[in-house]
$ cat work06.cif   # mmCIF, C-alpha atoms
data_start
#
loop_
_atom_site.group_PDB
_atom_site.id
_atom_site.type_symbol
_atom_site.label_atom_id
_atom_site.label_comp_id
_atom_site.auth_asym_id
_atom_site.auth_seq_id
_atom_site.Cartn_x
_atom_site.Cartn_y
_atom_site.Cartn_z
ATOM 1 C CA MET A 1 17.742 11.540 3.514
ATOM 2 C CA ARG A 2 20.047 12.885 0.851
ATOM 3 C CA TRP A 3 19.222 13.905 -2.700
ATOM 4 C CA ARG A 4 21.208 14.092 -5.896
ATOM 5 C CA PRO A 5 18.946 16.061 -8.250
ATOM 6 C CA THR A 6 19.846 15.633 -11.909
ATOM 7 C CA ARG A 7 18.900 18.842 -13.665
ATOM 8 C CA GLY A 8 18.123 18.787 -17.327
ATOM 9 C CA ARG A 9 16.596 15.304 -17.379
ATOM 10 C CA GLU A 10 13.106 15.816 -18.766
ATOM 11 C CA SER A 11 10.659 12.921 -18.540
ATOM 12 C CA ASN A 12 8.207 12.071 -21.276
ATOM 13 C CA VAL A 13 4.801 13.606 -20.717
ATOM 14 C CA VAL A 14 2.466 10.930 -19.392
ATOM 15 C CA ASP A 15 -1.304 11.174 -19.646
ATOM 16 C CA GLN A 16 -1.966 10.210 -16.057
ATOM 17 C CA SER A 17 -5.705 9.903 -16.643
ATOM 18 C CA LEU A 18 -5.143 6.771 -18.733
ATOM 19 C CA LYS A 19 -5.609 3.520 -16.877
ATOM 20 C CA LEU A 20 -2.901 0.876 -16.689
ATOM 21 C CA SER A 21 -3.296 -2.808 -17.446
ATOM 22 C CA THR A 22 -2.257 -5.535 -15.014
ATOM 23 C CA ARG A 23 0.744 -6.333 -17.204
ATOM 24 C CA GLN A 24 1.828 -2.682 -17.270
ATOM 25 C CA ALA A 25 1.451 -2.411 -13.499
ATOM 26 C CA PHE A 26 3.441 -5.598 -12.972
ATOM 27 C CA ASP A 27 6.226 -4.337 -15.236
ATOM 28 C CA LEU A 28 6.419 -1.088 -13.258
ATOM 29 C CA TYR A 29 6.650 -2.953 -9.964
ATOM 30 C CA GLU A 30 9.461 -5.059 -11.414
ATOM 31 C CA THR A 31 11.252 -1.967 -12.749
ATOM 32 C CA TRP A 32 11.178 -0.448 -9.263
ATOM 33 C CA ARG A 33 11.794 -3.719 -7.421
ATOM 34 C CA HIS A 34 15.237 -2.541 -6.274
ATOM 35 C CA ARG A 35 13.520 -0.074 -3.924
ATOM 36 C CA LEU A 36 11.399 -2.787 -2.309
ATOM 37 C CA PRO A 37 12.577 -4.929 0.617
ATOM 38 C CA PRO A 38 14.213 -8.322 0.019
ATOM 39 C CA ALA A 39 12.432 -11.509 1.028
ATOM 40 C CA SER A 40 12.672 -15.285 0.800
ATOM 41 C CA PHE A 41 9.951 -17.399 -0.782
ATOM 42 C CA PRO A 42 8.961 -21.054 -0.998
ATOM 43 C CA SER A 43 9.811 -22.952 -4.178
ATOM 44 C CA THR A 44 6.173 -23.630 -5.037
ATOM 45 C CA SER A 45 2.681 -22.582 -3.973
ATOM 46 C CA CYS A 46 -0.043 -24.817 -2.606
ATOM 47 C CA HIS A 47 -3.423 -24.274 -4.264
ATOM 48 C CA VAL A 48 -6.377 -24.281 -1.862
ATOM 49 C CA ARG A 49 -10.081 -23.633 -2.304
ATOM 50 C CA ASP A 50 -10.391 -20.903 0.345
ATOM 51 C CA LEU A 51 -8.885 -19.786 3.648
ATOM 52 C CA SER A 52 -10.752 -22.404 5.664
ATOM 53 C CA GLU A 53 -8.242 -24.971 4.380
ATOM 54 C CA ILE A 54 -5.319 -23.283 6.151
ATOM 55 C CA ALA A 55 -7.090 -22.144 9.314
ATOM 56 C CA GLU A 56 -5.733 -25.077 11.310
ATOM 57 C CA VAL A 57 -2.100 -24.098 10.717
ATOM 58 C CA VAL A 58 -2.326 -20.370 11.547
ATOM 59 C CA ASP A 59 -3.435 -18.378 14.576
ATOM 60 C CA ALA A 60 -3.959 -15.003 12.890
ATOM 61 C CA PHE A 61 -5.047 -13.625 9.531
ATOM 62 C CA VAL A 62 -3.802 -10.278 8.236
ATOM 63 C CA LEU A 63 -6.204 -9.185 5.520
ATOM 64 C CA ASP A 64 -5.675 -6.721 2.727
ATOM 65 C CA ALA A 65 -8.720 -4.608 1.908
ATOM 66 C CA PHE A 66 -9.487 -4.269 -1.800
ATOM 67 C CA GLY A 67 -9.673 -7.586 -3.622
ATOM 68 C CA VAL A 68 -9.802 -9.538 -0.374
ATOM 69 C CA LEU A 69 -12.613 -8.025 1.688
ATOM 70 C CA ASN A 70 -14.309 -5.747 -0.824
ATOM 71 C CA VAL A 71 -14.534 -4.651 -4.433
ATOM 72 C CA GLY A 72 -15.599 -1.026 -4.443
ATOM 73 C CA ARG A 73 -18.547 -0.602 -2.085
ATOM 74 C CA ARG A 74 -19.460 -4.279 -1.972
ATOM 75 C CA PRO A 75 -17.986 -7.033 0.202
ATOM 76 C CA VAL A 76 -16.333 -9.881 -1.665
ATOM 77 C CA PRO A 77 -18.738 -12.855 -1.654
ATOM 78 C CA GLY A 78 -18.119 -14.926 1.466
ATOM 79 C CA ALA A 79 -15.756 -12.440 3.106
ATOM 80 C CA LEU A 80 -18.122 -11.392 5.906
ATOM 81 C CA SER A 81 -18.916 -14.952 6.933
ATOM 82 C CA ARG A 82 -15.251 -15.973 6.707
ATOM 83 C CA VAL A 83 -14.151 -13.234 9.111
ATOM 84 C CA GLN A 84 -16.926 -14.275 11.508
ATOM 85 C CA GLU A 85 -15.763 -17.879 11.188
ATOM 86 C CA PHE A 86 -12.220 -16.876 12.134
ATOM 87 C CA ARG A 87 -13.477 -15.064 15.219
ATOM 88 C CA ARG A 88 -15.532 -18.049 16.363
ATOM 89 C CA ALA A 89 -12.441 -20.217 15.980
ATOM 90 C CA GLY A 90 -10.423 -17.859 18.183
ATOM 91 C CA LYS A 91 -8.225 -16.533 15.385
ATOM 92 C CA LYS A 92 -6.929 -12.977 15.541
ATOM 93 C CA VAL A 93 -7.801 -10.776 12.578
ATOM 94 C CA VAL A 94 -6.110 -7.545 11.430
ATOM 95 C CA LEU A 95 -7.026 -5.365 8.452
ATOM 96 C CA LEU A 96 -3.828 -4.019 6.864
ATOM 97 C CA THR A 97 -4.331 -1.476 4.105
ATOM 98 C CA ASN A 98 -2.239 1.011 2.147
ATOM 99 C CA SER A 99 -4.918 3.623 2.690
ATOM 100 C CA ALA A 100 -3.697 7.184 3.143
ATOM 101 C CA SER A 101 -6.381 9.429 1.663
ATOM 102 C CA ASN A 102 -8.284 9.459 4.961
ATOM 103 C CA ALA A 103 -7.455 9.019 8.631
ATOM 104 C CA SER A 104 -7.785 5.556 10.164
ATOM 105 C CA GLY A 105 -11.127 6.381 11.743
ATOM 106 C CA ALA A 106 -12.673 6.854 8.303
ATOM 107 C CA VAL A 107 -11.311 3.496 7.165
ATOM 108 C CA LEU A 108 -12.773 1.832 10.245
ATOM 109 C CA ARG A 109 -16.176 3.413 9.607
ATOM 110 C CA LYS A 110 -16.087 2.334 5.959
ATOM 111 C CA TYR A 111 -15.559 -1.329 6.790
ATOM 112 C CA ARG A 112 -18.066 -1.311 9.602
ATOM 113 C CA LYS A 113 -20.598 0.073 7.135
ATOM 114 C CA LEU A 114 -19.795 -2.856 4.835
ATOM 115 C CA GLY A 115 -20.563 -5.218 7.717
ATOM 116 C CA PHE A 116 -17.067 -5.983 9.037
ATOM 117 C CA ASN A 117 -17.138 -5.418 12.783
ATOM 118 C CA PHE A 118 -13.487 -4.453 13.181
ATOM 119 C CA SER A 119 -12.310 -2.707 16.312
ATOM 120 C CA ALA A 120 -9.886 0.206 16.141
ATOM 121 C CA THR A 121 -7.058 -2.071 17.303
ATOM 122 C CA GLU A 122 -7.725 -4.433 14.404
ATOM 123 C CA VAL A 123 -7.049 -1.843 11.693
ATOM 124 C CA VAL A 124 -3.570 -0.788 10.546
ATOM 125 C CA THR A 125 -3.341 1.802 7.765
ATOM 126 C CA SER A 126 -0.232 3.008 5.985
ATOM 127 C CA ARG A 127 -1.231 6.563 6.886
ATOM 128 C CA ALA A 128 -1.232 5.762 10.603
ATOM 129 C CA THR A 129 2.038 3.886 10.229
ATOM 130 C CA CYS A 130 3.521 7.003 8.659
ATOM 131 C CA ALA A 131 2.006 9.435 11.164
ATOM 132 C CA ILE A 132 3.508 7.759 14.228
ATOM 133 C CA ARG A 133 6.970 7.780 12.638
ATOM 134 C CA LEU A 134 7.059 11.329 11.345
ATOM 135 C CA SER A 135 9.204 12.442 14.260
ATOM 136 C CA ASN A 136 12.032 10.351 12.789
ATOM 137 C CA HIS A 137 12.137 12.637 9.745
ATOM 138 C CA GLY A 138 12.388 16.086 11.276
ATOM 139 C CA LEU A 139 9.144 17.963 11.819
ATOM 140 C CA GLY A 140 10.429 21.514 11.922
ATOM 141 C CA GLY A 141 8.608 24.147 9.931
ATOM 142 C CA VAL A 142 5.535 23.586 7.759
ATOM 143 C CA TRP A 143 4.964 20.544 5.602
ATOM 144 C CA SER A 144 3.053 20.418 2.350
ATOM 145 C CA VAL A 145 0.545 17.594 2.063
ATOM 146 C CA ILE A 146 -0.382 16.207 -1.342
ATOM 147 C CA GLY A 147 -3.833 14.816 -0.743
ATOM 148 C CA THR A 148 -7.544 15.314 -1.252
ATOM 149 C CA GLU A 149 -9.469 18.545 -0.803
ATOM 150 C CA THR A 150 -11.583 17.114 2.035
ATOM 151 C CA ASP A 151 -8.751 15.741 4.174
ATOM 152 C CA ASN A 152 -8.203 17.879 7.306
ATOM 153 C CA HIS A 153 -4.840 16.362 8.381
ATOM 154 C CA SER A 154 -5.858 16.522 12.043
ATOM 155 C CA ASP A 155 -4.081 13.240 12.743
ATOM 156 C CA LEU A 156 -0.699 14.580 11.597
ATOM 157 C CA PRO A 157 1.651 15.906 14.311
ATOM 158 C CA MET A 158 2.975 18.986 12.493
ATOM 159 C CA PRO A 159 1.704 22.135 10.757
ATOM 160 C CA THR A 160 0.536 21.296 7.238
ATOM 161 C CA VAL A 161 -0.730 23.072 4.124
ATOM 162 C CA ARG A 162 -2.353 21.311 1.203
ATOM 163 C CA TRP A 163 -0.106 21.346 -1.870
ATOM 164 C CA THR A 164 -1.213 22.964 -5.114
ATOM 165 C CA ALA A 165 0.791 23.875 -8.183
ATOM 166 C CA ALA A 166 0.052 27.595 -7.709
ATOM 167 C CA GLY A 167 3.062 29.247 -6.137
ATOM 168 C CA GLN A 168 3.611 27.016 -3.126
ATOM 169 C CA ARG A 169 7.322 26.364 -2.801
ATOM 170 C CA ASP A 170 8.473 27.359 0.688
ATOM 171 C CA PHE A 171 7.854 24.150 2.620
ATOM 172 C CA ASP A 172 10.180 22.075 4.740
ATOM 173 C CA GLY A 173 9.005 18.731 3.392
ATOM 174 C CA PHE A 174 6.346 16.965 1.359
ATOM 175 C CA LEU A 175 3.961 14.257 2.516
ATOM 176 C CA LEU A 176 2.280 12.314 -0.299
ATOM 177 C CA LEU A 177 -1.071 10.856 0.789
ATOM 178 C CA SER A 178 -3.115 10.743 -2.410
ATOM 179 C CA ALA A 179 -2.452 10.994 -6.133
ATOM 180 C CA ALA A 180 -5.889 12.409 -6.942
ATOM 181 C CA SER A 181 -4.539 15.915 -7.607
ATOM 182 C CA LEU A 182 -1.365 14.931 -9.459
ATOM 183 C CA ASP A 183 -2.236 15.804 -13.028
ATOM 184 C CA PRO A 184 0.747 16.273 -15.398
ATOM 185 C CA GLN A 185 1.108 20.006 -14.644
ATOM 186 C CA THR A 186 0.971 19.543 -10.877
ATOM 187 C CA TYR A 187 3.429 16.656 -11.018
ATOM 188 C CA ALA A 188 5.848 18.687 -13.144
ATOM 189 C CA THR A 189 5.637 21.612 -10.695
ATOM 190 C CA LEU A 190 6.341 19.288 -7.770
ATOM 191 C CA ARG A 191 9.322 17.777 -9.576
ATOM 192 C CA ASP A 192 10.774 21.182 -10.443
ATOM 193 C CA THR A 193 10.227 22.390 -6.872
ATOM 194 C CA LEU A 194 12.209 19.454 -5.511
ATOM 195 C CA VAL A 195 15.009 20.091 -7.987
ATOM 196 C CA GLU A 196 15.226 23.752 -7.010
ATOM 197 C CA ARG A 197 15.267 22.980 -3.307
ATOM 198 C CA PRO A 198 15.663 19.333 -2.243
ATOM 199 C CA ARG A 199 13.487 18.394 0.740
ATOM 200 C CA PRO A 200 12.190 15.202 2.336
ATOM 201 C CA LEU A 201 9.465 13.334 0.459
ATOM 202 C CA LEU A 202 7.446 10.940 2.621
ATOM 203 C CA VAL A 203 5.016 8.572 0.926
ATOM 204 C CA ALA A 204 2.178 7.154 3.007
ATOM 205 C CA ASN A 205 0.812 4.919 0.248
ATOM 206 C CA PRO A 206 3.484 2.874 -1.575
ATOM 207 C CA ASP A 207 0.985 1.336 -4.017
ATOM 208 C CA VAL A 208 1.882 1.902 -7.654
ATOM 209 C CA VAL A 209 -1.670 1.226 -8.845
ATOM 210 C CA SER A 210 -5.175 0.744 -7.506
ATOM 211 C CA PRO A 211 -7.977 -1.199 -9.226
ATOM 212 C CA GLY A 212 -10.852 0.888 -10.556
ATOM 213 C CA GLU A 213 -13.909 0.384 -12.720
ATOM 214 C CA ASN A 214 -12.054 0.850 -16.011
ATOM 215 C CA GLY A 215 -8.580 -0.305 -15.114
ATOM 216 C CA LEU A 216 -5.774 0.498 -12.732
ATOM 217 C CA SER A 217 -5.252 4.086 -11.602
ATOM 218 C CA ARG A 218 -1.847 5.512 -10.682
ATOM 219 C CA GLU A 219 -1.271 5.788 -6.953
ATOM 220 C CA PRO A 220 1.274 7.714 -4.790
ATOM 221 C CA GLY A 221 3.926 5.025 -5.165
ATOM 222 C CA TYR A 222 3.894 5.478 -8.928
ATOM 223 C CA PHE A 223 4.717 9.186 -8.693
ATOM 224 C CA ALA A 224 7.304 8.705 -5.942
ATOM 225 C CA HIS A 225 9.216 6.142 -8.010
ATOM 226 C CA ARG A 226 9.067 8.425 -11.046
ATOM 227 C CA LEU A 227 10.530 11.270 -9.000
ATOM 228 C CA ALA A 228 13.278 8.965 -7.783
ATOM 229 C CA ASP A 229 14.125 7.971 -11.368
ATOM 230 C CA GLU A 230 13.931 11.455 -12.843
ATOM 231 C CA ILE A 231 15.589 13.715 -10.265
ATOM 232 C CA GLY A 232 17.268 11.400 -7.768
ATOM 233 C CA VAL A 233 14.961 12.075 -4.831
ATOM 234 C CA GLU A 234 14.973 9.292 -2.230
ATOM 235 C CA PRO A 235 11.411 8.846 -0.966
ATOM 236 C CA ALA A 236 10.687 7.353 2.440
ATOM 237 C CA PHE A 237 7.860 4.827 2.031
ATOM 238 C CA PHE A 238 5.384 3.737 4.722
ATOM 239 C CA GLY A 239 3.062 0.760 4.304
ATOM 240 C CA LYS A 240 3.159 -2.566 2.492
ATOM 241 C CA PRO A 241 5.614 -4.024 1.510
ATOM 242 C CA PHE A 242 7.811 -2.020 3.885
ATOM 243 C CA GLN A 243 8.362 -3.443 7.308
ATOM 244 C CA ASP A 244 7.096 -0.578 9.450
ATOM 245 C CA ALA A 245 3.503 -1.562 8.632
ATOM 246 C CA PHE A 246 4.190 -5.192 9.490
ATOM 247 C CA ASP A 247 5.873 -4.134 12.731
ATOM 248 C CA ASP A 248 2.634 -2.382 13.673
ATOM 249 C CA VAL A 249 0.695 -5.558 12.838
ATOM 250 C CA LYS A 250 3.014 -7.642 15.007
ATOM 251 C CA THR A 251 2.383 -5.267 17.890
ATOM 252 C CA ARG A 252 -1.361 -5.874 17.508
ATOM 253 C CA LEU A 253 -0.865 -9.642 17.382
ATOM 254 C CA GLY A 254 1.156 -9.855 20.569
ATOM 255 C CA ASP A 255 3.167 -13.031 21.086
ATOM 256 C CA ILE A 256 1.867 -14.950 18.047
ATOM 257 C CA SER A 257 4.832 -16.353 16.138
ATOM 258 C CA PRO A 258 5.195 -14.896 12.611
ATOM 259 C CA ASP A 259 5.033 -18.369 11.062
ATOM 260 C CA LYS A 260 1.562 -18.723 12.580
ATOM 261 C CA VAL A 261 0.330 -15.608 10.769
ATOM 262 C CA ALA A 262 -1.109 -15.547 7.233
ATOM 263 C CA MET A 263 -0.870 -12.386 5.141
ATOM 264 C CA VAL A 264 -3.755 -12.491 2.652
ATOM 265 C CA GLY A 265 -3.698 -10.162 -0.355
ATOM 266 C CA ASP A 266 -4.231 -9.718 -4.071
ATOM 267 C CA THR A 267 -0.827 -8.309 -5.085
ATOM 268 C CA LEU A 268 2.614 -9.874 -5.310
ATOM 269 C CA HIS A 269 4.828 -6.830 -4.794
ATOM 270 C CA THR A 270 3.010 -5.435 -1.732
ATOM 271 C CA ASP A 271 1.037 -8.127 0.117
ATOM 272 C CA ILE A 272 3.059 -11.243 -0.696
ATOM 273 C CA LEU A 273 6.545 -9.716 -0.771
ATOM 274 C CA GLY A 274 5.916 -7.698 2.382
ATOM 275 C CA GLY A 275 4.333 -10.594 4.233
ATOM 276 C CA ALA A 276 7.212 -12.905 3.320
ATOM 277 C CA ALA A 277 9.772 -10.312 4.445
ATOM 278 C CA ALA A 278 7.949 -10.159 7.793
ATOM 279 C CA GLY A 279 8.210 -13.924 8.184
ATOM 280 C CA PHE A 280 4.465 -14.515 7.672
ATOM 281 C CA ARG A 281 2.858 -17.225 5.597
ATOM 282 C CA THR A 282 1.369 -15.643 2.481
ATOM 283 C CA VAL A 283 -1.850 -16.205 0.564
ATOM 284 C CA LEU A 284 -2.583 -14.737 -2.877
ATOM 285 C CA ILE A 285 -6.255 -14.295 -3.796
ATOM 286 C CA SER A 286 -6.795 -15.006 -7.492
ATOM 287 C CA ASP A 287 -10.420 -14.219 -8.355
ATOM 288 C CA PHE A 288 -10.582 -10.599 -7.183
ATOM 289 C CA GLY A 289 -8.261 -7.616 -7.222
ATOM 290 C CA LEU A 290 -5.145 -7.057 -9.314
ATOM 291 C CA PHE A 291 -4.883 -10.464 -10.982
ATOM 292 C CA ALA A 292 -8.573 -11.197 -11.533
ATOM 293 C CA GLY A 293 -8.910 -12.963 -14.882
ATOM 294 C CA GLU A 294 -5.128 -13.215 -15.323
ATOM 295 C CA ASP A 295 -2.720 -16.153 -15.441
ATOM 296 C CA ILE A 296 -1.316 -15.779 -11.947
ATOM 297 C CA GLU A 297 1.334 -18.469 -12.420
ATOM 298 C CA LEU A 298 2.840 -16.390 -15.236
ATOM 299 C CA TYR A 299 3.354 -13.403 -12.939
ATOM 300 C CA VAL A 300 4.606 -15.543 -10.065
ATOM 301 C CA GLY A 301 7.139 -17.151 -12.369
ATOM 302 C CA ARG A 302 8.354 -13.882 -13.839
ATOM 303 C CA SER A 303 8.778 -12.162 -10.492
ATOM 304 C CA GLY A 304 9.934 -15.068 -8.355
ATOM 305 C CA ILE A 305 7.557 -13.780 -5.660
ATOM 306 C CA VAL A 306 6.008 -17.090 -4.656
ATOM 307 C CA PRO A 307 3.130 -17.179 -2.138
ATOM 308 C CA ASN A 308 2.752 -20.120 0.205
ATOM 309 C CA TYR A 309 -0.846 -20.495 -0.934
ATOM 310 C CA ILE A 310 -2.979 -19.434 -3.871
ATOM 311 C CA CYS A 311 -6.736 -19.520 -3.457
ATOM 312 C CA LYS A 312 -9.660 -18.173 -5.436
ATOM 313 C CA VAL A 313 -11.563 -16.452 -2.622
ATOM 314 C CA VAL A 314 -11.267 -15.841 1.091
#
$ encode --input "work06.cif" --output "structure tokens"
Amino acid sequence: MRWRPTRGRESNVVDQSLKLSTRQAFDLYETWRHRLPPASFPSTSCHVRDLSEIAEVVDAFVLDAFGVLNVGRRPVPGALSRVQEFRRAGKKVVLLTNSASNASGAVLRKYRKLGFNFSATEVVTSRATCAIRLSNHGLGGVWSVIGTETDNHSDLPMPTVRWTAAGQRDFDGFLLLSAASLDPQTYATLRDTLVERPRPLLVANPDVVSPGENGLSREPGYFAHRLADEIGVEPAFFGKPFQDAFDDVKTRLGDISPDKVAMVGDTLHTDILGGAAAGFRTVLISDFGLFAGEDIELYVGRSGIVPNYICKVV
């Protein structure tokens, strides 16, 4: 990767504790669309009641997590029985999530606790997708990980130190797993550090936002795109909508043709765009997740990201 830092360009101070609205999140995704992969879409979407109406035309379901299977610590109504129904019908099921705050084992345990009996081979996380490709980005020296205080990084194949804003500058690269610690001061220190000495920035969660109780919180993708705009850094993203995550899904699905796979999600710019770029059929869930309570057709029309199907629930 190559950088062209632009010194002297100061960004406006952003109160990163403030939540974003769906419209604001959508506008950000559109602003940064040029960094997302291209894809082709159908001219119109077919509206269906739930996923049972398309089960006959697909052999596998790739399921996003939040807004599809769960909202917070509760399963989405009907999600548990629908996954069981798919299994009885002989359909393959894969959970695909842009989860990078914890190793894949923690994600597996979380969904088993919710009642989803996934096996380890049925879970693909953006963190795992990143971890197995780190060797492509030069692993010499020590890397600084921007993550949570409780994450032990034992799944990462290189020496790591958790990033803080207090005097930590001599690292060979940065790995962004979580935005929990990126308050304005910490973000500004990270930006200035990358200007002073350009280094690789790998982003294991490309999401710009994540739904929360009071709105949408800023996620690693948000800060990576801001860095790209402000100082010219070129982040390497891992996870939806980028194809490395979908390549890992295809490996799990074996010889199932992509057009027999349905990517089911609640976002246009990650789930639907990424699934379409992978050659999958796409399904946008309307009643939960990012677009809950919104006019979905408005956002589909503005973006041109058209799912094959729109349904209320799984």
$ residues_around --input "work06.cif" --residues "Ala179 (chain A)" --least-positions-apart "6" --cutoff "12 Å" --atoms "all atoms listed in the file" --output "PyMOL selection string"
chain A and resi 16-17+99-101+145-149+163+186-187+203-210+217-224
$ resolve_selection --input "work06.cif" --expression "the PyMOL selection byres ((chain A and resi 102) around 10)" --output "short mmCIF file (atom, residue, chain, number, x, y, z; two decimals) with C-alpha atoms, in the coordinates of the input"
data_model
loop_
_atom_site.label_atom_id
_atom_site.label_comp_id
_atom_site.auth_asym_id
_atom_site.auth_seq_id
_atom_site.Cartn_x
_atom_site.Cartn_y
_atom_site.Cartn_z
CA SER A 99 -4.92 3.62 2.69
CA ALA A 100 -3.70 7.18 3.14
CA SER A 101 -6.38 9.43 1.66
CA ALA A 103 -7.46 9.02 8.63
CA SER A 104 -7.78 5.56 10.16
CA GLY A 105 -11.13 6.38 11.74
CA ALA A 106 -12.67 6.85 8.30
CA VAL A 107 -11.31 3.50 7.16
CA THR A 125 -3.34 1.80 7.76
CA ARG A 127 -1.23 6.56 6.89
CA ALA A 128 -1.23 5.76 10.60
CA GLY A 147 -3.83 14.82 -0.74
CA THR A 148 -7.54 15.31 -1.25
CA THR A 150 -11.58 17.11 2.04
CA ASP A 151 -8.75 15.74 4.17
CA ASN A 152 -8.20 17.88 7.31
CA HIS A 153 -4.84 16.36 8.38
CA ASP A 155 -4.08 13.24 12.74
CA LEU A 177 -1.07 10.86 0.79
CA SER A 178 -3.12 10.74 -2.41
#
$ closest_residue --input "work06.cif" --among "A:Asp255, A:Asp266, A:Asp27, A:Glu294" --to "Pro307 (chain A)" --atoms "only C-alpha atoms"
A:Asp266
$ residues_around --input "work06.cif" --residues "Thr189 (chain A)" --least-positions-apart "5" --cutoff "9 Å" --atoms "all atoms listed in the file" --output "PyMOL selection string"
chain A and resi 164-166+184+194
$ atom_distance --input "work06.cif" --atom1 "CA of Val123 (chain A)" --atom2 "CA of Val94 (chain A)"
5.8 Å
$ residues_around --input "work06.cif" --residues "Pro42 (chain A)" --least-positions-apart "6" --cutoff "12 Å" --atoms "only C-alpha atoms" --output "ChimeraX atom specification"
/A:272-273,276,279-283,300,304-309
$ closest_residue --input "work06.cif" --among "A:Phe86, A:Phe174, A:Phe118, A:Tyr29" --to "Leu51 (chain A)" --atoms "only C-alpha atoms"
A:Phe86
$ resolve_selection --input "work06.cif" --expression "the PyMOL selection byres ((chain A and resi 191) around 10)" --output "PyMOL selection string"
chain A and resi 5+185-190+192-196+198+223-224+226-228+230-231+233
$ closest_residue --input "work06.cif" --among "A:Ala277, A:Thr267, A:Leu216, A:Leu80" --to "Ser21 (chain A)" --atoms "all atoms listed in the file"
A:Leu216
$ atom_distance --input "work06.cif" --atom1 "CA of Gly215 (chain A)" --atom2 "CA of Gly78 (chain A)"
24.1 Å
$ residues_around --input "work06.cif" --residues "Gly115 (chain A)" --least-positions-apart "5" --cutoff "12 Å" --atoms "all atoms listed in the file" --output "PyMOL selection string"
chain A and resi 69-70+73-76+78-81+83-84+108-110
$ atom_distance --input "work06.cif" --atom1 "CA of Thr160 (chain A)" --atom2 "CA of Val142 (chain A)"
5.5 Å
$ residues_around --input "work06.cif" --residues "Val93 (chain A)" --least-positions-apart "5" --cutoff "8 Å" --atoms "all atoms listed in the file" --output "VMD selection string"
chain A and resid 60 to 63 83 86 to 87 122
$ axis_aligned_box --input "work06.cif" --around "region 247-259 of chain A" --padding-each-side "6 Å" --output "AutoDock Vina command-line options"
--center_x 2.3 --center_y -10.4 --center_z 16.1 --size_x 19.2 --size_y 28.0 --size_z 22.0
$ resolve_selection --input "work06.cif" --expression "the PyMOL selection byres ((chain A and resi 55-57) around 10)" --output "PDB file with C-alpha atoms, in the coordinates of the input"
ATOM      1  CA  ASP A  50     -10.391 -20.903   0.345  1.00  0.00           C
ATOM      2  CA  LEU A  51      -8.885 -19.786   3.648  1.00  0.00           C
ATOM      3  CA  SER A  52     -10.752 -22.404   5.664  1.00  0.00           C
ATOM      4  CA  GLU A  53      -8.242 -24.971   4.380  1.00  0.00           C
ATOM      5  CA  ILE A  54      -5.319 -23.283   6.151  1.00  0.00           C
ATOM      6  CA  VAL A  58      -2.326 -20.370  11.547  1.00  0.00           C
ATOM      7  CA  ASP A  59      -3.435 -18.378  14.576  1.00  0.00           C
ATOM      8  CA  ALA A  60      -3.959 -15.003  12.890  1.00  0.00           C
ATOM      9  CA  PHE A  61      -5.047 -13.625   9.531  1.00  0.00           C
ATOM     10  CA  GLU A  85     -15.763 -17.879  11.188  1.00  0.00           C
ATOM     11  CA  PHE A  86     -12.220 -16.876  12.134  1.00  0.00           C
ATOM     12  CA  ALA A  89     -12.441 -20.217  15.980  1.00  0.00           C
ATOM     13  CA  LYS A  91      -8.225 -16.533  15.385  1.00  0.00           C
ATOM     14  CA  ASP A 259       5.033 -18.369  11.062  1.00  0.00           C
ATOM     15  CA  LYS A 260       1.562 -18.723  12.580  1.00  0.00           C
ATOM     16  CA  VAL A 261       0.330 -15.608  10.769  1.00  0.00           C
ATOM     17  CA  ALA A 262      -1.109 -15.547   7.233  1.00  0.00           C
ATOM     18  CA  ARG A 281       2.858 -17.225   5.597  1.00  0.00           C
TER      19      ARG A 281
END
$ closest_residue --input "work06.cif" --among "A:Phe237, A:Thr121, A:Gly289, A:Leu268" --to "Gly301 (chain A)" --atoms "all atoms listed in the file"
A:Leu268
$ residues_near_point --input "work06.cif" --point "(-7.3, -1.8, 2.4)" --cutoff "8 Å" --atoms "all atoms listed in the file" --output "number ranges by chain"
A: 64-66, 95-99, 125
$ closest_residue --input "work06.cif" --among "A:Ser119, A:Arg302, A:Met158, A:Gly173" --to "Arg252 (chain A)" --atoms "only C-alpha atoms"
A:Ser119
$ closest_residue --input "work06.cif" --among "A:Arg112, A:His225, A:Lys240, A:Lys250" --to "His269 (chain A)" --atoms "only C-alpha atoms"
A:Lys240
